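Q: This is run-v4.csv (CSV, C-alpha atoms).
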```csv
chain,number,residue,atom,x,y,z
A,290,MET,CA,-25.2,5.3,-6.6
A,291,ALA,CA,-22.9,7.6,-4.6
A,292,SER,CA,-22.9,7.6,-0.8
A,293,GLY,CA,-25.6,9.9,0.6
A,294,GLU,CA,-27.8,9.8,-2.5
A,295,ILE,CA,-31.5,9.1,-2.5
A,296,ARG,CA,-33.0,8.5,-5.9
A,297,LEU,CA,-36.7,9.0,-6.4
A,298,SER,CA,-38.1,7.5,-9.5
A,299,ALA,CA,-41.1,9.0,-11.3
A,300,MET,CA,-43.2,6.0,-10.2
A,301,THR,CA,-42.3,6.7,-6.6
A,302,MET,CA,-43.2,10.3,-6.9
A,303,ARG,CA,-46.6,9.4,-8.5
A,304,ARG,CA,-47.3,7.2,-5.5
A,305,MET,CA,-46.2,10.0,-3.2
A,306,PRO,CA,-48.3,13.0,-4.3
A,307,VAL,CA,-47.4,14.9,-1.2
A,308,LEU,CA,-43.8,14.8,-2.1
A,309,ALA,CA,-44.5,15.9,-5.6
A,310,GLN,CA,-46.7,18.7,-4.4
A,311,SER,CA,-44.0,19.9,-2.0
A,312,GLN,CA,-41.5,20.0,-4.9
A,313,THR,CA,-44.0,22.0,-7.0
A,314,SER,CA,-44.9,24.4,-4.2
A,315,GLN,CA,-41.2,25.4,-3.8
A,316,ALA,CA,-40.9,26.3,-7.5
A,317,GLY,CA,-40.1,30.0,-8.1
A,318,THR,CA,-41.8,29.6,-11.5
A,319,PRO,CA,-44.7,27.5,-12.6
A,320,GLY,CA,-43.6,23.9,-13.2
A,321,PHE,CA,-41.9,21.2,-11.2
A,322,GLY,CA,-39.4,21.8,-8.5
A,323,SER,CA,-37.4,24.9,-7.6
A,324,ASN,CA,-34.7,24.3,-10.2
A,325,PRO,CA,-35.2,26.7,-13.1
A,326,ASP,CA,-34.2,23.8,-15.5
A,327,PHE,CA,-37.5,22.3,-14.6
A,328,ALA,CA,-39.6,25.4,-15.2
A,329,GLY,CA,-42.7,24.6,-17.2
A,330,SER,CA,-42.2,20.8,-16.8
A,331,SER,CA,-44.5,18.4,-15.0
A,332,ILE,CA,-43.9,15.5,-12.8
A,333,ASP,CA,-44.5,13.1,-15.7
A,334,GLN,CA,-41.6,14.6,-17.6
A,335,VAL,CA,-39.1,13.9,-14.9
A,336,SER,CA,-37.7,10.4,-14.7
A,337,GLU,CA,-36.1,10.7,-11.3
A,338,ILE,CA,-34.9,13.1,-8.6
A,339,ILE,CA,-31.6,12.6,-7.0
A,340,VAL,CA,-31.4,14.0,-3.5
A,341,THR,CA,-27.9,14.3,-2.1
A,342,ALA,CA,-27.2,14.9,1.6
A,343,ASN,CA,-23.9,15.5,3.4
A,344,ALA,CA,-23.5,13.7,6.7
A,345,PRO,CA,-22.3,16.1,9.3
A,346,PRO,CA,-18.8,15.7,10.8
A,347,PRO,CA,-18.5,14.1,14.2
A,348,PRO,CA,-19.3,16.5,17.1
A,349,GLY,CA,-16.4,18.7,17.9
A,350,THR,CA,-14.8,18.5,14.4
A,351,PRO,CA,-13.6,21.9,13.5
A,352,THR,CA,-14.6,23.4,10.1
A,353,PRO,CA,-11.9,24.7,7.8
A,354,PRO,CA,-11.8,28.5,7.8
A,355,ASP,CA,-13.1,30.0,4.6
A,356,ASN,CA,-9.8,31.6,3.8
A,357,ILE,CA,-8.0,28.3,3.3
A,358,PRO,CA,-7.7,28.1,-0.5
A,359,ASN,CA,-9.0,25.4,-2.7
A,360,GLY,CA,-12.3,25.1,-1.0
A,361,PRO,CA,-15.2,25.2,-0.4
A,362,TRP,CA,-14.7,22.2,1.9
A,363,GLU,CA,-17.2,19.5,2.1
A,364,TRP,CA,-17.2,16.8,4.8
A,365,ASN,CA,-16.8,13.3,3.4
A,366,PRO,CA,-17.4,10.7,6.2
A,367,ASN,CA,-15.2,7.6,6.2
A,368,PRO,CA,-15.4,5.2,9.2
A,369,GLN,CA,-11.8,4.1,8.5
A,370,ASN,CA,-10.5,7.6,8.9
A,371,PRO,CA,-9.1,8.4,12.4
A,372,ARG,CA,-11.0,11.8,12.2
A,373,GLY,CA,-14.2,10.1,11.0
A,374,GLY,CA,-13.7,11.5,7.5
A,375,ASN,CA,-12.1,14.2,5.4
A,376,TRP,CA,-12.8,17.8,4.5
A,377,MET,CA,-12.6,17.7,0.7
A,378,GLY,CA,-12.5,20.4,-1.9
A,379,PRO,CA,-14.4,20.4,-5.2
A,380,LYS,CA,-13.9,17.7,-7.7
A,381,GLN,CA,-11.1,18.4,-10.1
A,382,PRO,CA,-11.2,17.7,-13.9
A,383,ARG,CA,-8.7,14.9,-13.5
A,384,GLY,CA,-7.3,13.1,-10.4
A,385,GLY,CA,-7.9,13.7,-6.8
A,386,ARG,CA,-9.2,16.6,-4.8
A,387,TRP,CA,-7.6,18.9,-2.2
A,388,THR,CA,-8.2,17.9,1.3
A,389,ALA,CA,-7.9,19.8,4.6
A,390,THR,CA,-7.1,18.1,7.9
A,391,TYR,CA,-6.9,19.7,11.4
A,392,SER,CA,-4.3,18.7,13.9
A,393,PRO,CA,-5.3,19.6,17.5
A,394,PRO,CA,-2.8,21.2,19.8
A,395,THR,CA,-0.3,18.9,21.6
A,396,PRO,CA,2.4,19.7,24.2
A,397,ASP,CA,4.7,20.2,21.2
A,398,GLN,CA,2.6,21.9,18.7
A,399,ARG,CA,-0.2,24.4,18.3
A,400,GLY,CA,-3.4,23.4,16.5
A,401,TYR,CA,-3.1,23.9,12.8
A,402,TRP,CA,-4.7,23.0,9.4
A,403,LYS,CA,-2.9,21.3,6.6
A,404,SER,CA,-4.2,21.1,3.1
A,405,ASN,CA,-3.0,18.4,0.8
A,406,GLY,CA,-3.0,18.9,-3.0
A,407,PRO,CA,-3.8,16.4,-5.6
A,408,ASP,CA,-0.2,16.9,-6.8
A,409,GLY,CA,1.2,16.0,-3.4
A,410,SER,CA,1.8,19.6,-2.4
A,411,LYS,CA,1.1,20.7,1.2
A,412,GLN,CA,0.2,24.0,2.8
A,413,TRP,CA,-0.1,24.8,6.5
A,414,PHE,CA,-2.5,27.3,8.1
A,415,ASP,CA,-3.1,28.4,11.6
A,416,GLU,CA,-6.5,28.0,13.2
A,417,ASP,CA,-7.7,31.2,11.7
A,418,GLY,CA,-6.7,30.1,8.2
A,419,ASN,CA,-3.5,32.3,7.9
A,420,PRO,CA,-0.7,30.6,6.0
A,421,MET,CA,2.2,29.5,8.1
A,422,THR,CA,5.4,27.5,7.7
A,423,PRO,CA,5.8,24.0,9.1
A,424,ASP,CA,8.2,25.4,11.7
A,425,GLN,CA,5.5,27.8,13.0
A,426,LYS,CA,3.6,24.8,14.3
A,427,GLN,CA,5.9,24.7,17.3
A,428,TRP,CA,4.9,26.2,20.6
A,429,GLN,CA,7.4,29.0,20.6
A,430,PRO,CA,7.1,32.7,20.0
A,431,PRO,CA,8.2,33.5,16.4
A,432,ASP,CA,11.3,35.6,15.9
A,433,ASN,CA,9.2,38.6,14.8
A,434,TRP,CA,6.7,38.4,17.7
A,435,LEU,CA,7.1,42.2,18.4
A,436,PRO,CA,5.4,44.3,15.8
A,437,ALA,CA,7.7,45.9,13.3
A,438,LEU,CA,8.6,49.4,14.4
A,439,PRO,CA,9.1,52.4,12.0
A,440,PHE,CA,12.3,53.4,13.9
A,441,SER,CA,14.8,51.8,16.2
A,442,VAL,CA,14.3,51.8,19.9
A,443,PRO,CA,16.9,51.3,22.7
A,444,SER,CA,15.4,48.0,23.7
A,445,THR,CA,13.2,45.3,22.2
A,446,ASN,CA,11.9,44.5,25.7
A,447,PRO,CA,8.1,45.1,25.5
A,448,TRP,CA,8.1,46.7,28.9
A,449,TRP,CA,10.3,49.5,27.6
A,450,TRP,CA,7.8,50.0,24.8
A,451,PHE,CA,4.9,50.0,27.2
A,452,LEU,CA,6.4,52.4,29.7
A,453,PHE,CA,8.0,54.9,27.4
A,454,SER,CA,5.5,55.1,24.5
A,455,ALA,CA,3.2,58.1,24.4
A,456,PRO,CA,-0.2,57.6,25.8
A,457,ALA,CA,-3.0,57.5,23.2
A,458,TYR,CA,-5.5,60.2,24.2
B,1274,MET,CA,4.7,-9.9,14.8
B,1275,LYS,CA,1.3,-9.2,16.4
B,1276,PHE,CA,-1.2,-6.5,15.5
B,1277,LEU,CA,-2.8,-4.7,18.5
B,1278,THR,CA,-6.0,-2.9,19.2
B,1279,THR,CA,-5.8,0.5,21.0
B,1280,SER,CA,-6.4,-1.2,24.4
B,1281,GLU,CA,-3.8,-3.9,23.7
B,1282,ALA,CA,-1.3,-1.2,22.7
B,1283,GLN,CA,-2.1,0.7,25.8
B,1284,GLN,CA,-1.4,-2.4,27.9
B,1285,TRP,CA,2.0,-2.9,26.1
B,1286,LEU,CA,2.9,0.7,26.9
B,1287,THR,CA,2.0,0.5,30.6
B,1288,PRO,CA,5.5,-0.5,31.7
B,1289,LEU,CA,6.8,2.6,30.0
B,1290,VAL,CA,4.3,4.8,31.9
B,1291,ALA,CA,2.9,5.9,28.6
B,1292,THR,CA,-0.7,6.5,27.6
B,1293,ILE,CA,-2.5,6.8,24.3
B,1294,GLY,CA,-4.5,10.0,24.1
B,1295,LYS,CA,-7.8,10.7,22.5
B,1296,ASP,CA,-5.9,12.1,19.5
B,1297,ARG,CA,-4.0,8.8,19.3
B,1298,ALA,CA,-0.8,10.6,20.3
B,1299,ILE,CA,1.3,8.8,22.9
B,1300,TYR,CA,2.0,10.7,26.1
B,1301,PHE,CA,4.8,9.6,28.5
B,1302,GLY,CA,4.6,10.0,32.2
B,1303,ARG,CA,7.0,12.8,31.9
B,1304,ASP,CA,5.9,15.1,29.0
B,1305,HIS,CA,7.9,14.8,25.8
B,1306,LYS,CA,9.2,18.3,26.5
B,1307,ASP,CA,10.7,17.2,29.7
B,1308,ARG,CA,12.3,14.1,28.4
B,1309,PRO,CA,16.0,14.4,28.8
B,1310,LEU,CA,17.3,14.0,25.3
B,1311,GLY,CA,15.7,14.5,21.9
B,1312,LEU,CA,16.5,15.4,18.3
B,1313,LYS,CA,14.3,16.5,15.4
B,1314,ALA,CA,15.3,16.4,11.8
B,1315,GLU,CA,13.7,16.7,8.4
B,1316,PHE,CA,13.2,13.5,6.4
B,1317,PRO,CA,15.9,12.6,3.9
B,1318,LYS,CA,15.4,14.3,0.6
B,1319,SER,CA,15.1,11.3,-1.7
B,1320,LEU,CA,13.0,8.1,-1.5
B,1321,ARG,CA,16.1,6.1,-2.0
B,1322,GLN,CA,17.7,7.7,1.0
B,1323,ILE,CA,14.6,7.0,3.0
B,1324,THR,CA,14.9,3.3,2.1
B,1325,TYR,CA,18.3,3.1,3.7
B,1326,PHE,CA,17.6,5.6,6.5
B,1327,VAL,CA,14.6,3.7,7.8
B,1328,GLU,CA,16.7,0.5,8.2
B,1329,ARG,CA,19.2,2.6,10.3
B,1330,ALA,CA,16.5,4.2,12.3
B,1331,VAL,CA,15.0,0.8,13.2
B,1332,ASP,CA,18.5,-0.5,14.0
B,1333,TRP,CA,18.9,2.5,16.3
B,1334,LEU,CA,16.5,1.1,18.9
B,1335,PRO,CA,18.0,-0.9,21.8
B,1336,ARG,CA,18.7,-4.6,21.2
B,1337,GLY,CA,16.7,-7.3,22.9
B,1338,TYR,CA,13.4,-5.6,23.4
B,1339,GLU,CA,10.1,-5.8,21.7
B,1340,ARG,CA,9.3,-2.9,19.3
B,1341,LEU,CA,5.9,-1.3,18.9
B,1342,LEU,CA,4.9,0.5,15.8
B,1343,TRP,CA,1.9,2.7,16.6
B,1344,ILE,CA,0.2,4.5,13.8
B,1345,SER,CA,-1.2,7.7,15.3
B,1346,ASP,CA,-2.5,9.4,12.2
B,1347,TRP,CA,-3.3,8.3,8.7
B,1348,GLU,CA,-5.3,9.4,5.7
B,1349,THR,CA,-8.1,7.7,3.8
B,1350,TYR,CA,-7.9,10.0,0.8
B,1351,PRO,CA,-6.6,9.4,-1.7
B,1352,PRO,CA,-7.6,5.7,-1.2
B,1353,HIS,CA,-4.7,3.9,-2.7
B,1354,PRO,CA,-2.2,4.3,0.2
B,1355,ILE,CA,-4.5,2.9,2.8
B,1356,ASN,CA,-5.8,0.1,0.5
B,1357,PHE,CA,-2.3,-0.9,-0.3
B,1358,PHE,CA,-1.2,-0.7,3.4
B,1359,GLU,CA,-4.0,-2.9,4.5
B,1360,LEU,CA,-3.3,-5.3,1.7
B,1361,VAL,CA,0.3,-5.6,3.0
B,1362,ARG,CA,-1.2,-6.2,6.5
B,1363,LEU,CA,-3.4,-8.9,5.1
B,1364,GLY,CA,-0.3,-10.5,3.7
B,1365,CYS,CA,1.0,-10.6,7.3
B,1366,GLY,CA,-2.2,-12.3,8.4
B,1367,GLU,CA,-4.1,-9.2,9.7
B,1368,ARG,CA,-7.6,-8.8,8.4
B,1369,ARG,CA,-8.7,-5.9,10.6
B,1370,HIS,CA,-8.6,-2.3,9.4
B,1371,ILE,CA,-6.0,0.1,10.7
B,1372,ILE,CA,-8.6,1.8,12.8
B,1373,ASP,CA,-9.4,-1.4,14.6
B,1374,ALA,CA,-5.8,-2.4,15.2
B,1375,PRO,CA,-3.4,0.5,14.7
B,1376,GLY,CA,-0.5,-1.0,16.6
B,1377,CYS,CA,1.9,-3.8,15.8
B,1378,VAL,CA,4.5,-5.4,18.0
B,1379,PHE,CA,7.6,-6.9,16.5
B,1380,ASN,CA,9.9,-9.5,18.0
B,1381,PRO,CA,13.2,-8.2,19.5
B,1382,ASP,CA,16.3,-7.9,17.4
B,1383,ARG,CA,18.8,-9.9,19.5
B,1384,GLY,CA,21.8,-9.5,17.1
B,1385,PRO,CA,25.0,-7.8,18.1
B,1386,LYS,CA,25.2,-4.0,17.9
B,1387,GLU,CA,27.8,-4.1,15.2
B,1388,GLN,CA,25.8,-6.4,12.9
B,1389,GLU,CA,25.5,-5.3,9.2
B,1390,PHE,CA,21.8,-6.0,8.9
B,1391,SER,CA,19.3,-7.6,11.3
B,1392,ALA,CA,18.7,-11.3,11.0
B,1393,GLU,CA,15.4,-11.0,12.8
B,1394,SER,CA,12.7,-11.8,10.3
B,1395,ASP,CA,10.2,-9.4,12.0
B,1396,THR,CA,12.6,-6.5,11.3
B,1397,PHE,CA,12.0,-6.6,7.5
B,1398,PRO,CA,8.2,-5.9,7.7
B,1399,LEU,CA,8.9,-3.3,10.4
B,1400,ILE,CA,11.3,-1.4,8.1
B,1401,GLY,CA,8.8,-1.7,5.2
B,1402,PHE,CA,5.9,-0.4,7.3
B,1403,VAL,CA,7.8,2.6,8.4
B,1404,MET,CA,8.9,3.3,4.9
B,1405,LEU,CA,5.3,3.3,3.7
B,1406,LEU,CA,4.2,5.5,6.6
B,1407,MET,CA,6.9,8.1,5.8
B,1408,ASP,CA,6.1,8.0,2.1
B,1409,PHE,CA,2.4,8.3,2.7
B,1410,ASP,CA,3.0,11.2,5.1
B,1411,TRP,CA,1.2,9.5,8.0
B,1412,ALA,CA,2.3,9.8,11.6
B,1413,GLY,CA,3.5,7.1,14.0
B,1414,TYR,CA,5.7,6.0,16.8
B,1415,LEU,CA,8.4,3.4,16.9
B,1416,ILE,CA,9.0,2.5,20.5
B,1417,SER,CA,11.3,0.1,22.3
B,1418,GLN,CA,10.0,-1.6,25.4
B,1419,ASP,CA,13.3,-0.9,27.1
B,1420,ALA,CA,12.1,1.1,30.1
B,1421,ALA,CA,15.6,2.2,31.0
B,1422,SER,CA,16.1,4.3,27.9
B,1423,THR,CA,12.5,4.7,26.6
B,1424,SER,CA,13.8,5.1,23.1
B,1425,VAL,CA,11.2,6.5,20.8
B,1426,VAL,CA,11.3,7.4,17.1
B,1427,TYR,CA,8.4,9.6,16.1
B,1428,PHE,CA,7.7,10.7,12.5
B,1429,ASN,CA,5.1,13.2,11.4
B,1430,ASP,CA,4.8,15.8,8.6
B,1431,GLU,CA,8.2,15.0,7.2
B,1432,VAL,CA,10.0,15.5,10.5
B,1433,ILE,CA,11.5,12.6,12.5
B,1434,SER,CA,12.2,12.8,16.2
B,1435,PHE,CA,14.5,10.6,18.2
B,1436,SER,CA,14.0,10.6,21.9
B,1437,THR,CA,16.0,8.7,24.5
B,1438,SER,CA,17.6,9.1,27.9
B,1439,ASP,CA,20.8,7.5,26.7
B,1440,PRO,CA,23.3,10.2,25.7
B,1441,ALA,CA,25.3,7.8,23.5
B,1442,ALA,CA,22.1,6.8,21.6
B,1443,LEU,CA,21.3,10.5,21.0
B,1444,GLU,CA,24.8,11.0,19.7
B,1445,GLU,CA,24.3,8.0,17.4
B,1446,ALA,CA,21.0,9.5,16.1
B,1447,ARG,CA,22.8,12.8,15.4
B,1448,GLY,CA,25.4,10.9,13.4
B,1449,LEU,CA,22.7,9.1,11.6
B,1450,CYS,CA,21.0,12.3,10.5
B,1451,GLY,CA,24.4,13.7,9.4
B,1452,GLN,CA,25.1,10.6,7.4
B,1453,PHE,CA,21.9,11.2,5.4
B,1454,HIS,CA,22.4,14.9,5.1
B,1455,MET,CA,19.3,15.6,7.1
B,1456,ASN,CA,18.5,19.1,8.3
B,1457,ILE,CA,18.5,18.9,12.1
B,1458,LYS,CA,15.8,21.2,13.4
B,1459,SER,CA,16.3,21.0,17.1
B,1460,GLN,CA,18.3,19.1,19.7
B,1461,LYS,CA,18.4,19.0,23.5
```
Do you think you could lay out the structure here as structure tokens?

A:
Amino acid sequence: MASGEIRLSAMTMRRMPVLAQSQTSQAGTPGFGSNPDFAGSSIDQVSEIIVTANAPPPPGTPTPPDNIPNGPWEWNPNPQNPRGGNWMGPKQPRGGRWTATYSPPTPDQRGYWKSNGPDGSKQWFDEDGNPMTPDQKQWQPPDNWLPALPFSVPSTNPWWWFLFSAPAY
Amino acid sequence: MKFLTTSEAQQWLTPLVATIGKDRAIYFGRDHKDRPLGLKAEFPKSLRQITYFVERAVDWLPRGYERLLWISDWETYPPHPINFFELVRLGCGERRHIIDAPGCVFNPDRGPKEQEFSAESDTFPLIGFVMLLMDFDWAGYLISQDAASTSVVYFNDEVISFSTSDPAALEEARGLCGQFHMNIKSQK
């Protein structure tokens, strides 16, 4: 049995009619349960129900932004992990999954996400999920911190741009 | 060799005016940014180079002082790295998981500076542990208890940092990185 699973046997469900009724009442079509695969079936035709639940991450654990590829990300708790668990991508046909880990800001580095592939590859993302290079983790303005301009200006000093640009009315 | 809990490691770091943060990073009394001398370089390119480089990096620490290996970040997925690492710790007599005892103190290397290789038996597992940490892409600190130089080697995300207040030691680290054709990212 996988972690976080609860298996209800048919006998358990017969002894717990309220549970069985609740499953029936949620059905979109006549039959047992809300899953269309069970449409038209009765409680006696189902051997067991497997209920899976995902434990929430520890309080304060950030959630990977949706735009980080290879998700969706699901929290997989592990008490041996320094973060309390892993954000894991979907199961792959063979081998391991993608994982995503968050590193909080330090005096040296900004907060960032790193995803690790089952082939050993790594990708880095800022806190908004935008791809970045490992060097961009450092607390320093990138070389291209001024927006690209369509023409050359006498100075790259932002004050020049602020003072001499046309007002936007 | 002795494995340490977080509080025991904190006690070991006290003479260095260093603290372990909630994120398990080690913060020195003076911020790392303000420390006088430091060098960052990318890991050597091949595993074979790392095998030799780590021995040199461990040898870079000052002689005659205890050495702390503090694992500040590790992964539990995929499971084989942590399981193997803990099996090696078990071979060293440590039954606790990493999360319960992330530190390990190693006896001082008292050999001469010009020695070919360390004769201190604790140095061999220390080199091996650091090799595994680098290969697994975990993060950690290697710290000498020499308060005068506060020599630290930090490795994280395929970047290794040498930090010291000894200019000669920094120059030695720079030469070490050059010997292994490592890309030096920053130096101060």

Q: Restricting the calculation to all atoms listed in the file: of A:Gly418, A:Pro366, A:Pro353, A:Pro346, which residue gets closest to chain B?

A: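 When distances to chain B are compared using all atoms listed in the file, the smallest one comes from A:Pro366.
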
Q: Return as a Markdown table the residues of chain B lying at most 12 Å from chain A, together with the closest atom-to-atom pair for each and the distance in Å to one decimal, counting all atoms listed in the file, with rows in chain order and ascending residue number.

A:
```
| residue | atom | partner | partner_atom | distance |
| --- | --- | --- | --- | --- |
| B:Gly1294 | CA | A:Thr395 | CA | 10.2 |
| B:Lys1295 | CA | A:Pro371 | CA | 10.4 |
| B:Asp1296 | CA | A:Pro393 | CA | 7.8 |
| B:Arg1297 | CA | A:Pro371 | CA | 8.6 |
| B:Ala1298 | CA | A:Thr395 | CA | 8.4 |
| B:Ile1299 | CA | A:Thr395 | CA | 10.3 |
| B:Tyr1300 | CA | A:Pro396 | CA | 9.2 |
| B:Phe1301 | CA | A:Pro396 | CA | 11.2 |
| B:Arg1303 | CA | A:Pro396 | CA | 11.3 |
| B:Asp1304 | CA | A:Pro396 | CA | 7.5 |
| B:His1305 | CA | A:Pro396 | CA | 7.5 |
| B:Lys1306 | CA | A:Asp397 | CA | 7.2 |
| B:Asp1307 | CA | A:Pro396 | CA | 10.3 |
| B:Lys1313 | CA | A:Asp424 | CA | 11.4 |
| B:Ala1314 | CA | A:Asp424 | CA | 11.5 |
| B:Glu1315 | CA | A:Pro423 | CA | 10.8 |
| B:Ile1344 | CA | A:Pro371 | CA | 10.2 |
| B:Ser1345 | CA | A:Pro371 | CA | 8.4 |
| B:Asp1346 | CA | A:Pro371 | CA | 6.7 |
| B:Trp1347 | CA | A:Pro371 | CA | 6.9 |
| B:Glu1348 | CA | A:Asn370 | CA | 6.4 |
| B:Thr1349 | CA | A:Asn370 | CA | 5.6 |
| B:Tyr1350 | CA | A:Asn375 | CA | 7.5 |
| B:Pro1351 | CA | A:Gly385 | CA | 6.8 |
| B:Pro1352 | CA | A:Gly385 | CA | 9.8 |
| B:His1353 | CA | A:Gly385 | CA | 11.1 |
| B:Ile1355 | CA | A:Gln369 | CA | 9.3 |
| B:Asn1356 | CA | A:Gln369 | CA | 10.8 |
| B:Glu1359 | CA | A:Gln369 | CA | 11.2 |
| B:Arg1369 | CA | A:Gln369 | CA | 10.7 |
| B:His1370 | CA | A:Gln369 | CA | 7.2 |
| B:Ile1371 | CA | A:Gln369 | CA | 7.4 |
| B:Ile1372 | CA | A:Gln369 | CA | 5.8 |
| B:Asp1373 | CA | A:Gln369 | CA | 8.6 |
| B:Ala1374 | CA | A:Gln369 | CA | 11.1 |
| B:Pro1375 | CA | A:Pro371 | CA | 10.0 |
| B:Asp1408 | CA | A:Gly409 | CA | 10.9 |
| B:Phe1409 | CA | A:Gly409 | CA | 9.9 |
| B:Asp1410 | CA | A:Gly409 | CA | 9.9 |
| B:Trp1411 | CA | A:Pro371 | CA | 11.3 |
| B:Ala1412 | CA | A:Ser392 | CA | 11.3 |
| B:Asn1429 | CA | A:Pro423 | CA | 11.1 |
| B:Asp1430 | CA | A:Pro423 | CA | 8.3 |
| B:Glu1431 | CA | A:Pro423 | CA | 9.5 |
| B:Val1432 | CA | A:Pro423 | CA | 9.6 |
| B:Ser1434 | CA | A:Asp397 | CA | 11.7 |
| B:Lys1458 | CA | A:Asp424 | CA | 8.8 |
| B:Ser1459 | CA | A:Asp424 | CA | 10.7 |
```

Q: What is the atom CA of Pro1317 of chain B to atom CA of Phe414 of chain A distance in Å?

A: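 Atom CA of Phe414 of chain A lies 23.9 Å from atom CA of Pro1317 of chain B.
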
Q: Which distance in Å separates atom CA of Ser1438 of chain B and atom CA of Leu1342 of chain B, to one decimal?

A: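 Pair atom CA of Ser1438 of chain B / atom CA of Leu1342 of chain B returns 19.5 Å.
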
Q: Give one line per residue of segment 1308-1363 of chain B that approaches segment 1441-1451 of chain B to at most 10 Å, naming the two atoms of the closest pair and their distance in Å to one decimal, counting all atoms listed in the file; sort by chain then ascending residue number and deliver it as a Markdown table.

A:
```
| residue | atom | partner | partner_atom | distance |
| --- | --- | --- | --- | --- |
| B:Leu1310 | CA | B:Leu1443 | CA | 6.8 |
| B:Gly1311 | CA | B:Leu1443 | CA | 6.9 |
| B:Leu1312 | CA | B:Leu1443 | CA | 7.4 |
| B:Lys1313 | CA | B:Arg1447 | CA | 9.3 |
| B:Ala1314 | CA | B:Cys1450 | CA | 7.1 |
| B:Glu1315 | CA | B:Cys1450 | CA | 8.8 |
| B:Phe1316 | CA | B:Cys1450 | CA | 8.9 |
| B:Pro1317 | CA | B:Cys1450 | CA | 8.3 |
| B:Phe1326 | CA | B:Leu1449 | CA | 8.0 |
| B:Arg1329 | CA | B:Leu1449 | CA | 7.5 |
| B:Ala1330 | CA | B:Ala1446 | CA | 7.9 |
| B:Trp1333 | CA | B:Ala1446 | CA | 7.3 |
| B:Leu1334 | CA | B:Ala1442 | CA | 8.4 |
| B:Pro1335 | CA | B:Ala1442 | CA | 8.7 |
```

Q: Now that the selection is made, can you save its residues with C-alpha atoms as a compact mmCIF listing (two decimals), in the frame of the given file?

A:
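Okay, this is what ended up in out-v9.txt:
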```txt
# COMPACT_ATOMS: atom_id res chain seq x y z
CA LEU B 1310 17.30 14.00 25.30
CA GLY B 1311 15.70 14.50 21.90
CA LEU B 1312 16.50 15.40 18.30
CA LYS B 1313 14.30 16.50 15.40
CA ALA B 1314 15.30 16.40 11.80
CA GLU B 1315 13.70 16.70 8.40
CA PHE B 1316 13.20 13.50 6.40
CA PRO B 1317 15.90 12.60 3.90
CA PHE B 1326 17.60 5.60 6.50
CA ARG B 1329 19.20 2.60 10.30
CA ALA B 1330 16.50 4.20 12.30
CA TRP B 1333 18.90 2.50 16.30
CA LEU B 1334 16.50 1.10 18.90
CA PRO B 1335 18.00 -0.90 21.80
```

Q: What does the distance from atom CA of Arg1321 of chain B to atom CA of Arg383 of chain A come to in Å, to one decimal?

A: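 Distance reported for this atom pair: 28.7 Å.
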